Each structure stands twice: as C-alpha cells, then as structure tokens.
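Undergrad: Shown below is the structure under consideration.
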Amino acid sequence: MATYGDVRQWRPDPLDEAEQELKRHSETLLGLSDEFAETGTPAEWTGDAADSAKAKHKTIIDRMEHLVAEVSAVRSAIGRTADAVIGLGHAVKEADGLADANGFAIGDDGSVKDVAPPQTVPAGQEDEVRRERERIRAELVDRVEQILRRANDIDSDLAGVLDKVASGKIGDDGATTLAEAAAAGQRQGVLSVLEPPDGKGTPGDNAGWWDTLSDEEKKYVIENHPEWIGNRDGIPFTARDEANRALLVSEKERLQEEARRLQAELDDSFLGGLFTDTDDKLDRVKEKLESIKAIEETLAKPGERQLLLFNTDSERTEAAISNGNVDTADHVAVFVPGLTSNVPDSMAGYDSNMAHLKKRAEDELSRYGDGGTVATVTWIGYQAPQLTAGSLFSDNSVVMDDAAKAGAEKLTPFLQGIDTARDTDAHLTALGHSYGSTTTGFALQKNTGVDDVVFFGSPGIGTDDIKDIKVPDGHATYIEAKNDAVGDFRRFGIDPSHMEGMQYASSAEARHPGDGRVLTGVTGHTSYLKDGSTSQYNMAVITAGLSDRVVKGTEKGFGDTLTEPFSN
C-alpha cells in the first residue's frame with residue numbers, strides 16, 4: 001500500500017522513458033512481419049521435411065505474435081500509467097497547495113496537521129475563522145483519502161498487467177498477423193478508470209477523486225458515465241453541465257418510450273386504468289417530460305447557462321440552472337424557492353429573475369465595486385410542498401418542516417461543493433424565499449462556506465437563535481414586505497422580523513444610494529425579486545459583496561405587531 005509520502009515522489013518521466021523503449025522494440029518486431037512471411041516453405045517443397053519446416057515456422061510465428069501482444073500490452077499499460085500519474089500529481093499539488101495556503105501540512109503518513117493557525121483574529125470573527133478551518137481540514141482529509149485510493153488503484157492495475165505477462169496470460173486473440181497481435185495486446189493493457197467514491201461522497205471526496213483522473217479519463221467519464229458526476233457535489237460545474245446535458249437527452253428518450261408503453265397499455269385495457277395505477281404512472285412520466293422541456297427552453301435562452309443538477313428519480317424532477325459560470329464567477333448566489341415551486345411551472349420564471357439579479361449585481365460591481373463577475377443559480381433541488389390534497393395531507397405538507405429538512409440535506413453539500421470544486425473560493429450568497437428560507441436555514445446550520453444569506457418572506461428559518469446560522473456575524477439579512485402574511489407565520493421558528501442579531505433590509509420604495517433613481521417598493525409575498533425593486537437591489541448588492549450599500553429598514557405590518565410579544 002502506497003503512503004502519501006510515496007505518492008509525492010511518483011513521477012511520470014521514468015514510465016515515459018520505458019514506454020518509448022518498448023515502442024522501439026514493438027516497432028522492431030512489427031518490422032519483421034514481412035520477413036517472416038517471406039520465410040515460408042516453397043510451394044514445390046513437399047514431404048516430411050517440408051511438413052516439419054512448416055510446423056516449425058508456424059510455431060515461431062505464433063510465439064512472435066504472443067511476444068508482440070505482450071510487449072504491446074506492457075507498453076499500453078505503462079503509457080496509461082504515466083498519464084494516470086500526471087493526474088495523480090495534479091491532485092497532490094492541489095491538496096498540498098490548499099494545505100499550505102491555509103496553514104496546514106499533510107504528513108508523509110497522510111495526516112493533516114494545523115501547523116500555522118492565525119495568530120490574530122479580529123474580534124467577533126473567531127467562530128467564522130474556526131468554521132472555515134474546520135471545513136478546509138475536513139476537505140484535506142477527504143482529498144488525501146482519494147489520492148491514496150487512486151494511487152493504490154494505479155499500482156494494482158499496472159501490477160495486474162505485468163503479472164499477466166509474467167504468467168503468459170496475455171493472448172493474441174487469434175491474430176494472424178503481428179499488427180493484429182499488437183492491437184490485441186494494446187486492448188489488454190488498458191487500465192480501469194477508478195469509479196467515484198461510494199454513495200454520494202462528500203464534496204471533498206468527490207473533488208479529490210476527480211482531481212486524480214487524467215484529462216483522458218475525465219473525458220471518458222463524461223462521455224461514458226455522465227451519471228457518475230452530473231449531481232456529484234465537489235465536481236467542477238462545467239463538467240457537471242456537460243454530463244447533465246447528455247443525461248437530459250438520454251432521459252428524454254427513455255421517458256418518451258415509457259410514455260408510449262404506458263399509453264399503449266391503457267389503450268389495450270377495456271377498463272383503462274380503472275383498477276391499476278397505470279394512468280398515475282403516465283401522469284408522472286408526462287410531468288417529467290414537461291420538466292425536461294422547461295429545462296431545455298431555459299438552457300436555450302440567451303446568455304451562458306449551466307445545468308448543475310438534473311434528477312428524475314424523485315417524485316418530481318429536481319434541477320438547478322445557473323446564469324453565468326459557477327466555476328469562475330467571483331460572486332455566486334444560490335436561490336431556493338418555496339411553496340409550489342417545481343421545474344415545469346417555476347424554472348423559467350425564476351431563471352429570468354436570477355438573470356436580472358445577476359445583471360443588477362454586476363452593474364453595482366462595475367460602478368461601486370471591483371468589477372467582478374457574478375453567477376446566479378435557481379436551485380429547485382428538493383421536493384418543495386405543493387398546494388395539492390396529496391401534498392397538504394402528507395409528510396411533504398407546507399405546515400410541516402419535513403420537506404425543508406430533507407431539502408437541506410441536499411442543499412448543504414451543493415453549497416459546500418461550490419468552493420470545493422474551485423481553485424479559489426467565491427463570495428457565496430444563499431437566497432431563501434418563503435418555505436425555501438426554512439430549507440436554507442436548516443442547511444446553513446451546517447458548515448457550508450456561505451458568506452452571506454438573505455431570507456425573505458420567511459415563515460421561520462428553522463431556529464430561534466441567529467447563532468445557529470453558520471455565516472459570518474452580521475451577514476444574515478431579512479427582508480419582509482408589507483402585508484406579507486407568510487412572513488408573520490412563525491411556524492418554523494421565531495418571526496425573523498424580531499430576531500436578535502439579524503440585519504434588516506428594506507422592501508419599500510427608496511432612492512438608489514448612488515445615482516438617486518427610484519427603487520420601487522413591493523408588497524405581499526411574491527414580488528421580492530421584481531426587477532428594479534428595492535428588495536431586488538438589496539439582494540444584488542449583498543450578492544456582490546457590497547453589503548455596506550444596503551438600503552436598510554423594516555416594513556412591519558399588523559402581523560408583526562401581533563407576533564412581537566411572542567418573539568422574546
């Protein structure tokens with residue numbers, strides 16, 4: 001078993017040199033092909049001696065074909081091992097660089113040690129710094145685990161090919177020429193592509209595994225196993241987008257065929273679906289096809305978009321689409337909608353909201369910030385409650401927090417995976433509306449690396465104490481519009497309008513702090529993301545990391561007055 005110290009010393013150069021030497025030998029052997037053909041016995045030579053010579057000639061040819069196959073197999077295995085070692089070296093460099101940049105060190109035994117913790121931490125930021133160091137250390141541990149898993153896989157694969165050669169188990173697959181034998185050997189020298197970590201893997205596991213793969217192996221995974229990475233948090237989103245677009249095509253074809261089969265089954269039945277659930281199954285398939293249509297239409301809109309998540313295994317399709325490149329944007333915002341949100345009915349509208357928010361945030365950065373780039377994400381990655389009888393009277397009911405907690409289990413690693421998948425951390429903002437704010441609140445009780453959060457129109461964020469929300473102090477903001485009854489519901493924790501330590505941003509009509517233009521006010525529960533509104537402006541500047549430009553204020557209504565006595 002290789003140690004981390006061993007892997008640090010692995011280099012592809014000796015393997016490349018061996019592969020080139022084997023290439024020369026292989027070419028020499030292949031060059032003898034014509035000579036062997038010409039040394040056959042003359043056609044006019046007959047008798048016992050001629051038969052003996054022919055048999056000897058065939059034996060030599062067979063041995064040459066096996067020899068060529070063996071050389072080709074070893075050459076192929078060594079060449080591919082050299083490529084794998086390059087990928088592994090990249091993963092080691094990434095892990096060591098991350099450790100060094102943050103005051104950690106990875107020992108030759110793979111242990112992760114905190115060797116240079118910050119000596120001075122600004123007052124009030126102790127918890128933030130501690131959480132960040134815990135997150136980075138956990139990621140390093142996961143990366144080391146995957147590096148060693150990959151190293152031992154490479155070692156085992158190469159040893160397996162060499163053992164087959166040593167024991168004479170490399171065949172020529174019935175080749176009749178040396179060239180055919182070389183091709184047969186090359187096929188037997190192909191190394192396996194290491195599968196991803198078991199289950200969903202942590203973002204650190206997944207990032208560590210992906211970084212160990214060579215460029216050729218990554219391409220192979222995307223083309224042949226897109227299901228491995230499409231929804232795997234910690235994998236770069238550019239690769240996830242490519243994989244999910246491929247899955248979108250294949251899943252559409254599968255669902256179309258399933259719809260035809262179910263419809264034929266109903267057509268052939270005298271009573272239709274009266275005593276079966278076939279009609280219900282067909283309705284679910286049609287819903288998923290409608291979801292795919294909505295995703296396709298959204299991806300086809302002008303501007304850069306990435307399909308970050310695509311899942312049809314749940315009752316309703318789940319998806320996440322970004323405006324902008326999440327791998328490279330300086331600022332990333334993830335929006336989680338609430339009650340009644342679903343892909344076919346909601347994705348297009350929310351995507352337009354996020355496109356406007358991205359533009360507004362980049363405008364603010366251009367005028368008053370550092371000119372950075374922004375990516376915004378519409379995350380419908382959970383089974384949000386619906387206003388149907390089946391939903392209202394189930395565990396997925398809007399009056400229960402089950403769906404929010406289940407959604408948070410998916411949202412947490414998604415958020416963690418954004419920084420984990422990148423070479424440099426983004427300024428990361430979470431935006432949660434309505435029931436989505438509850439889902440976001442539960443997610444942020446874990447260590448996600450989120451820098452800012454905006455809750456708006458919230459029935460509660462899953463806690464009565466802002467300290468449970470693991471973002472930097474002073475970077476949790478609440479917006480509540482006048483006459484938003486949901487914001488006074490306080491079903492899932494204290495009314496955020498009265499939460500100590502929460503920052504408050506206005507949704508009322510206001511003047512832009514810079515150019516003085518009018519920002520429109522919003523009322524009720526559904527207009528917070530309206531383009532040109534004060535609430536949208538506030539989300540834009542927070543997304544842009546310009547929270548000092550927030551228009552502050554609270555629009556407390558009758559409901560807030562009623563709930564205030566119960567919030568202390």
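A note on labels: chains of the structure tokens are A, B, ... as shown, every chain counts residues from 1, and ligands are counted from 1 in their shown order.
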What's the 7 Å shell around Asp114 (chain A), counting only C-alpha atoms, without same-chain residues fewer than 2 positions away, as a PyMOL selection string?
TA: chain A and resi 103-105+112+116-117
Undergrad: Tell me, as a PyMOL selection string, which residues lie within 6 Å of Val377 (chain A), counting only C-alpha atoms; anything in the same chain fewer than 4 positions away does not count.
TA: chain A and resi 321-322+334-335
Undergrad: Determine which residues of region 122-215 of chain A receive a DSSP assignment of helix (DSSP H, G or I), computed from the backbone, and state them as JSON, numbers by chain.
TA: {"A": [126, 127, 128, 129, 130, 131, 132, 133, 134, 135, 136, 137, 138, 139, 140, 141, 142, 143, 144, 145, 146, 147, 148, 149, 150, 151, 152, 153, 154, 155, 156, 157, 158, 159, 160, 161, 162, 163, 164, 165, 166, 178, 179, 180, 181, 182, 183, 184, 185, 186, 187, 188, 203, 204, 205, 206, 207, 208, 209, 210, 211, 212, 215]}
Undergrad: Pick from A:Ala69, A:Met400, A:Val115, A:Ala82: nearest to Lys164 (chain A), with only C-alpha atoms counted?
TA: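 Checking each of A:Ala69, A:Met400, A:Val115, A:Ala82 against Lys164 (chain A), counting only C-alpha atoms, the winner is A:Ala69.
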Undergrad: Using only C-alpha atoms, which residue out of A:Ser434, A:Thr202, A:Thr534, A:Ser346 lies closest to Thr298 (chain A)?
TA: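 Among A:Ser434, A:Thr202, A:Thr534, A:Ser346, it is A:Ser346 that comes nearest to Thr298 (chain A).
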Undergrad: Near Glu290 (chain A), within 9 Å and counting only C-alpha atoms, which residues show up once chain neighbours fewer than 3 positions away are dropped, as number ranges by chain?
TA: A: 285-287, 293-295, 343-345
Undergrad: If you measure from CA of Arg305 (chain A) to CA of Val332 (chain A), what distance in Å do you get, rounded to one decimal?
TA: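 According to the coordinates, CA of Arg305 (chain A) and CA of Val332 (chain A) are separated by 13.3 Å.
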Undergrad: Given only C-alpha atoms as the basis, pick out the residue of A:Ala348, A:Val551, A:Val85, A:Leu529 nearest to Gly432 (chain A).
TA: A:Leu529
Undergrad: Can you pull out every residue within 12 Å of Asp419 (chain A), counting only C-alpha atoms, but drop anything in the same chain fewer than 5 positions away, and send it as a PyMOL selection string?
TA: chain A and resi 98+132+135-136+139+203-204+207+233-237+326-332+413-414+424-429+448-451
Undergrad: Just want the 10 Å neighbourhood of Gly89 (chain A), counted on only C-alpha atoms, with same-chain residues fewer than 2 positions away dropped. Output as a ChimeraX atom specification.
TA: /A:7-12,83-87,91-95,147,151,211-214
Undergrad: Counting only C-alpha atoms, which residues of region 57-139 of chain A fall within 8 Å of region 16-23 of chain A, and what is the closest atom pair for each with its distance in Å at one decimal, ordered by chain and rising number, as CSV?
TA:
residue,atom,partner,partner_atom,distance
A:Val71,CA,A:Leu22,CA,6.7
A:Ser72,CA,A:Leu22,CA,7.8
A:Val74,CA,A:Leu22,CA,8.0
A:Arg75,CA,A:Glu19,CA,5.3
A:Ser76,CA,A:Glu19,CA,7.8
A:Ile78,CA,A:Glu19,CA,6.0
A:Gly79,CA,A:Glu19,CA,5.7
A:Ala82,CA,A:Asp16,CA,6.3
Undergrad: May I have the selected residues written with C-alpha atoms, as a PDB file, in the first residue's frame?
TA:
ATOM      1  CA  VAL A  71       5.115  -6.049 -25.477  1.00  0.00           C
ATOM      2  CA  SER A  72       2.126  -4.057 -26.719  1.00  0.00           C
ATOM      3  CA  VAL A  74       3.001  -3.626 -21.292  1.00  0.00           C
ATOM      4  CA  ARG A  75       3.637  -0.579 -23.449  1.00  0.00           C
ATOM      5  CA  SER A  76      -0.046   0.373 -23.299  1.00  0.00           C
ATOM      6  CA  ILE A  78       2.914   1.827 -18.831  1.00  0.00           C
ATOM      7  CA  GLY A  79       1.859   4.692 -21.092  1.00  0.00           C
ATOM      8  CA  ALA A  82       2.265   7.620 -16.878  1.00  0.00           C
TER       9      ALA A  82
END
